[in-house]
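See below for the structure under consideration.
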Amino acid sequence: MRYTTIIKTVFITLLLSGYLTNLRAEDTLEQLNEKAEEEHSPYRWVAVDNADGKATVIQELQGTVIFSSTLKGPRKTNLDTKIKNREKNNGRSKKITLKEMRMLPPAGHWGQLHVEAWVFDNEGEEVVYTIWFRTPGDYTVKGPWTKTPST
């Protein structure tokens, strides 16, 4: 009888300690994602299980890949030039290439604004700018964002 009580106590303690660790990890991810949302970052934090039973926290770019932007022709070219100049002003190379565009969830007041993420490769570094459209020709550029190293 005494051994079963000890075994049950040890089992419950181990179970609860793992459970509490999981709750703290979820709370940390929630806090990181709330901060990312406040900053209008196109990235969100997720936990990825490793083979050793531990987890790594990484950033994932949110949204769905799209094949065409709302901006077309000269307006798109003009924005591309502005972004290259921003990259130069940020001390990075102007030799950037557009890798992809993503449709992000609607944002702004009451989620009324169409938002695209333009993902660039700047000599091996992923750099993201978000384009917030009030109308198809009236937009605001936010960013840049880069991935934070995994923790």
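Residue numbers start at 1 in each chain; chains themselves are named A, B, ... in the order of the structure tokens; ligands are numbered from 1 in the order shown.
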
- List the neighbours of Lys94 of chain A out to 6 Å using only C-alpha atoms; skip same-chain residues closer than 3 positions along the sequence, and give me the result as a ChimeraX atom specification. /A:84,87-88

- Task: Any chance you could list, as an MDAnalysis selection string, the residues in segment 8-123 of chain A that come up strand (DSSP E or B) when DSSP is run on the backbone?
- Result: chainID A and resid 43:49 55:61 64:66 96:107 113:122

- Query: If we count only C-alpha atoms, what is near segment 121-134 of chain A at a cut-off of 6 Å, once residues fewer than 6 positions away on the same chain are taken out, given as a VMD selection string?
  - Reply: chain A and resid 96 to 97 113 to 115 140 to 146

- Message: Applying 7 Å and only C-alpha atoms, which residues near segment 52-61 of chain A remain after dropping the ones on its own chain fewer than 4 positions away? List them as a VMD selection string.
- Response: chain A and resid 42 to 48 147 150 to 151

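Here atom CA of Val65 of chain A stands at a distance of 4.3 Å from atom CA of Arg102 of chain A.
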
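Residue nearest Leu79 of chain A within the list A:Asp27, A:Glu100, A:Asp138, A:Glu38: A:Asp138 [criterion: smallest interatomic distance, only C-alpha atoms].
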
Write out as a PDB file with all heavy atoms, in the first residue's frame the residues lying within 7 Å of Leu104 of chain A, counting only C-alpha atoms and excluding same-chain residues fewer than 6 positions away.
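Result went into part12.pdb, see below:
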```pdb
ATOM      1  N   GLN A  62       3.808  34.553 -41.799  1.00  0.00           N
ATOM      2  CA  GLN A  62       2.400  34.208 -41.926  1.00  0.00           C
ATOM      3  C   GLN A  62       1.888  34.601 -43.305  1.00  0.00           C
ATOM      4  O   GLN A  62       2.574  35.243 -44.081  1.00  0.00           O
ATOM      5  CB  GLN A  62       1.577  34.857 -40.814  1.00  0.00           C
ATOM      6  CG  GLN A  62       1.519  36.376 -40.886  1.00  0.00           C
ATOM      7  CD  GLN A  62       0.687  36.952 -39.774  1.00  0.00           C
ATOM      8  OE1 GLN A  62       1.167  37.134 -38.696  1.00  0.00           O
ATOM      9  NE2 GLN A  62      -0.551  37.250 -40.040  1.00  0.00           N
ATOM     10  N   GLY A  63       0.682  34.209 -43.601  1.00  0.00           N
ATOM     11  CA  GLY A  63       0.041  34.585 -44.852  1.00  0.00           C
ATOM     12  C   GLY A  63       0.126  33.511 -45.912  1.00  0.00           C
ATOM     13  O   GLY A  63       0.779  32.485 -45.752  1.00  0.00           O
ATOM     14  N   THR A  64      -0.568  33.784 -47.014  1.00  0.00           N
ATOM     15  CA  THR A  64      -0.641  32.883 -48.145  1.00  0.00           C
ATOM     16  C   THR A  64       0.126  33.472 -49.319  1.00  0.00           C
ATOM     17  O   THR A  64      -0.014  34.665 -49.619  1.00  0.00           O
ATOM     18  CB  THR A  64      -2.124  32.698 -48.564  1.00  0.00           C
ATOM     19  OG1 THR A  64      -2.868  32.296 -47.411  1.00  0.00           O
ATOM     20  CG2 THR A  64      -2.265  31.680 -49.657  1.00  0.00           C
ATOM     21  N   VAL A 115      -3.403  43.897 -46.717  1.00  0.00           N
ATOM     22  CA  VAL A 115      -1.975  43.950 -46.392  1.00  0.00           C
ATOM     23  C   VAL A 115      -1.239  42.848 -47.144  1.00  0.00           C
ATOM     24  O   VAL A 115      -1.655  41.694 -47.128  1.00  0.00           O
ATOM     25  CB  VAL A 115      -1.720  43.788 -44.873  1.00  0.00           C
ATOM     26  CG1 VAL A 115      -0.232  43.912 -44.557  1.00  0.00           C
ATOM     27  CG2 VAL A 115      -2.521  44.797 -44.068  1.00  0.00           C
ATOM     28  N   GLU A 116      -0.134  43.242 -47.795  1.00  0.00           N
ATOM     29  CA  GLU A 116       0.738  42.282 -48.473  1.00  0.00           C
ATOM     30  C   GLU A 116       2.111  42.321 -47.820  1.00  0.00           C
ATOM     31  O   GLU A 116       2.565  43.367 -47.369  1.00  0.00           O
ATOM     32  CB  GLU A 116       0.912  42.651 -49.953  1.00  0.00           C
ATOM     33  CG  GLU A 116      -0.331  42.544 -50.768  1.00  0.00           C
ATOM     34  CD  GLU A 116      -0.140  42.998 -52.211  1.00  0.00           C
ATOM     35  OE1 GLU A 116       0.983  43.365 -52.613  1.00  0.00           O
ATOM     36  OE2 GLU A 116      -1.142  42.974 -52.930  1.00  0.00           O
ATOM     37  N   ALA A 117       2.769  41.176 -47.773  1.00  0.00           N
ATOM     38  CA  ALA A 117       4.160  41.091 -47.324  1.00  0.00           C
ATOM     39  C   ALA A 117       5.011  40.796 -48.555  1.00  0.00           C
ATOM     40  O   ALA A 117       4.739  39.837 -49.267  1.00  0.00           O
ATOM     41  CB  ALA A 117       4.330  39.985 -46.291  1.00  0.00           C
TER      42      ALA A 117
END
```

- Message: Using DSSP secondary structure from the backbone, list all alpha helix (DSSP H) positions within segment 13-127 of chain A, as an MDAnalysis selection string.
- Response: chainID A and resid 13:38 73:89

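One finds atom CA of Met101 of chain A at 5.9 Å from atom CA of Val119 of chain A.
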
- What is the distance, in Å and to one decimal place, between atom CA of Ile83 of chain A and atom CA of Thr70 of chain A? 16.3 Å

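Using only C-alpha atoms, the shortest contact distance between Ile66 of chain A and any of A:Ala51, A:Thr81, A:Arg92, A:Trp118 is found at A:Trp118.
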